[in-house]
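K.L.:
Take this structure first; my questions come after.
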Amino acid sequence: MQMKIGVIHTVALAGLLVISGAGAVQPWPALDTDGHFINAHGAGVMYHDGIYYLYGEIKKGKTRLVPGQNWEDYRVDAGGVSCYSSKDLVHWKDEGVALAPNHTDTGSDLYIGRVIERPKVIYNKITRQYVMWVHIDRDDYGYARAGVAVSDKPEGPFRYLGSMRPNGQQTRDMTVFQDDDGRAYLVYASENNNTMQVCLLAPDYLKPTAVFRRILVDQRREAPAVFKADGKYYLITSLCSGWDPNAARVAVADSLLGEWVFSGNPCVGPDSATTFHSQSTYVLPLGGDRFLFMADRWNKTDLERSDYLWLPFSVRDGRVEISGPDTGLTERSRRVAVGQLALVNYSVKVMGTGRSFIRFYDSTDRLLLEYTVPVTDTGKWVETGNYVETPVGTNHAVIGVEGELRATEWKIEPNIGETTAPHSPGCDLRQYLEPFWRADAIYNETVLLYPDEGRLMFQPDRVLSVRSFGLDTVYREGVDFRIEGRKLVRLAGSWMPFRADTSFDRKNDLAWYNLQSQWVVVTYTHHDVWSGPVPAYKGDRLPGVLGLLRDGKPVTIVAYGMSITRGFNVSGYDRVAPYMPAYMDLFSFGLGMRFPRADVKLYNAGLPGSTVSWGAQYVSSYVTPLKPDLVVIDFGMNDFWRMTPAEFGDSVKSIVRQVRSVRPQAEFLLLANMKFDPEYVLDSDKNKPFYVRNLAGYRDVLAGMEGPGIVMTDMTVLSDAIYHLKKAKDCIVNPLHPNDYLARWYAQGMLATLLKNY
């Protein structure tokens, strides 16, 4: 799972958390014991046999707004229920997916397009089963049911039994409470959220009984969290205000099925009117009069980045008081484990004068590199931060502030996009590396139907298949499409995806778009010959690298560049089918095919958004420590806006000089940039000729650097040829990034540059 969740806020739990020397409270770790962000929203905790088990919603992927609703109904695809275990509430082990979603059956309660929320698990001593209750719904919230699942192990996997409406009543936000006598109760929002209900469960906990009571009638409450103290029952809820926080209220009763009476807002202090910018989900007993209030801090437009809030509190004399979290105003720094060449994003809100920083250290606590952001006092809170890459040898990072600064809302996100191992490719990489200029079969060429037709690179003799981009849907000739020369035409009634003219903004300069997975892919044979440019063989200028490859010796390759280098928007990087690797990985794979005895080590030091001047400044942090045999230099897409070809060339030459000063035998493969979408910059933009000249000039500068130990692969010329035969949007995800098809051209072109008769 790729988990991108912000900082989890808390204060000390009975000595379980460490207090720093300055008196600031260290946060509950946002990371599990494997260094991944914890993904468990709307959570509940079960304490069993000395272990705490945390269950929560997996929120992952793009947030969408459900159309036709009268509130901000933001959703992500249902990711199922996660499980984490801990012996101390601080160190959490990822136990995997406890209840998995269904990816194929749209009629299933657990289909990814449904809602799977607020899971709670209890143990039944009689049946020796772990029972999970969860809110099941559709995007429009009209289903309103309670689902139940069981498992023989606390970590699962849980077996889903189905859903129901207890006593015919709607069930939305819910929790489960297990009383001292072993009875269990379902507590849930009902009657279009106007009323809460409490329902006694059967002795096996798997179904509701007919015993239930309507409580908090006409109060519009949700997000229930129940606990018991000194023989009384307490229920914390929130008002119904969508994803936006509001004031919590606590109700008290002598019996779960008794009369519930409100006793005000349990939260005290600043921001208590918004429950400290959170919404309740669970209350965990800690022993005696101590409890832990658990809540979510929803980021409604990017739910994957929602935070958590955990606050300990006590109940004394029947009074519930939850004080707000440490604001962090006295906190000066935070530390997180992270490895080398990883992408890291951090932010912290500050007020005053000074600077925020991120520092990277090796395993001996030696400082490797620091990035800083200066801050001048404006009298207002200012968000500072940076999006950076960790240098070679990094073991951990520290973010912090210096000077006369107060700081709050600390967030750090390490290992962006790479928290899990890459998905296995769903495509044949050997086919994908067959040179397009020589092959008589083209595999999965991408075509954007725009609006109802698209062009192929060659005149097909025989179309072997037309599929969806993920390769999981096959389209039929005569039903979904027809072929007219080089044109693929979409037929009326076809389910093939397409984009209309209205999909693209043609009135505003630099209008961004995203075409990920919107193409169809065509596999076909042809006999016509490629008449465009062909990458030239220049391997004789790289004798060192090729000698190591032929001799089966270790070869170290460092890719140094930008987001294209990193692999942004190629399907494997974006974690979407067919999971094709980035072009650098394809290049490495191709070398392995030609030289099976060679030991190729690839390091990708691509930093999204980076410029060539950044590259020249930090060679000693990202390249030379790796002792490269081959350096692939790939900058330019963030430079052409402002940098002339002469300036660009000076920076590239600086990179080469710095590497060779440490590693004289290093050789270089320079990449001339692909062209951006011609429609990205309006013709009326007076700067467009400047941008176009720069990109063309970069190609000329790099070509002029070729010589012993330095060669160039010309993606400027290749991409231009493709755009004329097809269209740019057939081959790019957005105006500046290649899709799988164009990324294959990168890899093929690089291999042809190095390998004779490729």
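Ordered as shown in the structure tokens, chains take letters A, B, and onward, while each chain numbers its residues from 1 and ligands are numbered from 1 in the order shown.
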Please, which residues of stretch 496-557 of chain A, numbered as in this document, come out alpha helix (DSSP H) from DSSP, as a PyMOL selection string?

P.N.:
chain A and resi 543-550

K.L.:
Quick one: everything within 10 Å of stretch 339-347 of chain A, counting only C-alpha atoms, minus sequence neighbours fewer than 6 positions away in the same chain. Send it as a VMD selection string.

P.N.:
chain A and resid 6 35 356 to 358 360 to 362 383 to 397 399 to 400 408 to 419 603 to 608 621 to 622

K.L.:
Compile the contact shell of A:Ile722 as number ranges by chain: residues with an atom at most 9 Å away, counting only C-alpha atoms, same-chain residues fewer than 6 positions apart removed.

P.N.:
A: 457, 532, 728, 731, 742

K.L.:
Taking into account only C-alpha atoms, which residue in the set A:Leu65, A:Ala500, A:Leu736, A:Ala752 is nearest to A:Phe640?

P.N.:
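So, comparing all the options, the nearest one is A:Leu736.
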
K.L.:
Determine which residues of stretch 343-410 of chain A DSSP labels as strand (DSSP E or B) from the backbone of this structure, then write them out as number ranges by chain.

P.N.:
A: 343-361, 367-375, 382-389, 396-410

K.L.:
Can you work out which one of A:Lys120, A:Arg486, A:Arg455, A:Arg366 has the shortest atom-to-atom distance to A:Tyr282, counting only C-alpha atoms?

P.N.:
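Looking at the shortest contact to A:Tyr282, the residue is A:Lys120.
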
K.L.:
Point out the residue among A:Gln197, A:Gln69, A:Thr175, A:Asn508 with the least atom-to-atom distance to A:Leu682, counting only C-alpha atoms.

P.N.:
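Going through A:Gln197, A:Gln69, A:Thr175, A:Asn508 one by one, the smallest distance to A:Leu682 is for A:Asn508.
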
K.L.:
Find the residues of stretch 259-298 of chain A that sit at most 10 Å from stretch 207-221 of chain A; for each, write down the nearest two atoms and how far apart they are in Å, to one decimal. Count only C-alpha atoms. Sort by chain, then by number going up, and give it as a tab-separated table.

P.N.:
```
residue	atom	partner	partner_atom	distance
A:Glu259	CA	A:Ile215	CA	7.3
A:Trp260	CA	A:Ile215	CA	6.6
A:Val261	CA	A:Leu216	CA	8.1
A:Phe262	CA	A:Leu216	CA	8.5
```

K.L.:
Take the residues that were just selected and, keeping N, CA and C atoms, output them as a short mmCIF file (atom, residue, chain, number, x, y, z; two decimals), in the first residue's frame.

P.N.:
```cif
data_model
loop_
_atom_site.label_atom_id
_atom_site.label_comp_id
_atom_site.auth_asym_id
_atom_site.auth_seq_id
_atom_site.Cartn_x
_atom_site.Cartn_y
_atom_site.Cartn_z
N GLU A 259 -31.92 6.35 29.27
CA GLU A 259 -32.11 7.75 28.85
C GLU A 259 -30.75 8.44 28.80
N TRP A 260 -30.44 9.04 27.66
CA TRP A 260 -29.16 9.73 27.48
C TRP A 260 -29.38 11.24 27.60
N VAL A 261 -28.52 11.88 28.38
CA VAL A 261 -28.64 13.32 28.64
C VAL A 261 -27.34 14.00 28.24
N PHE A 262 -27.45 15.07 27.45
CA PHE A 262 -26.27 15.82 27.06
C PHE A 262 -25.67 16.55 28.25
#
```
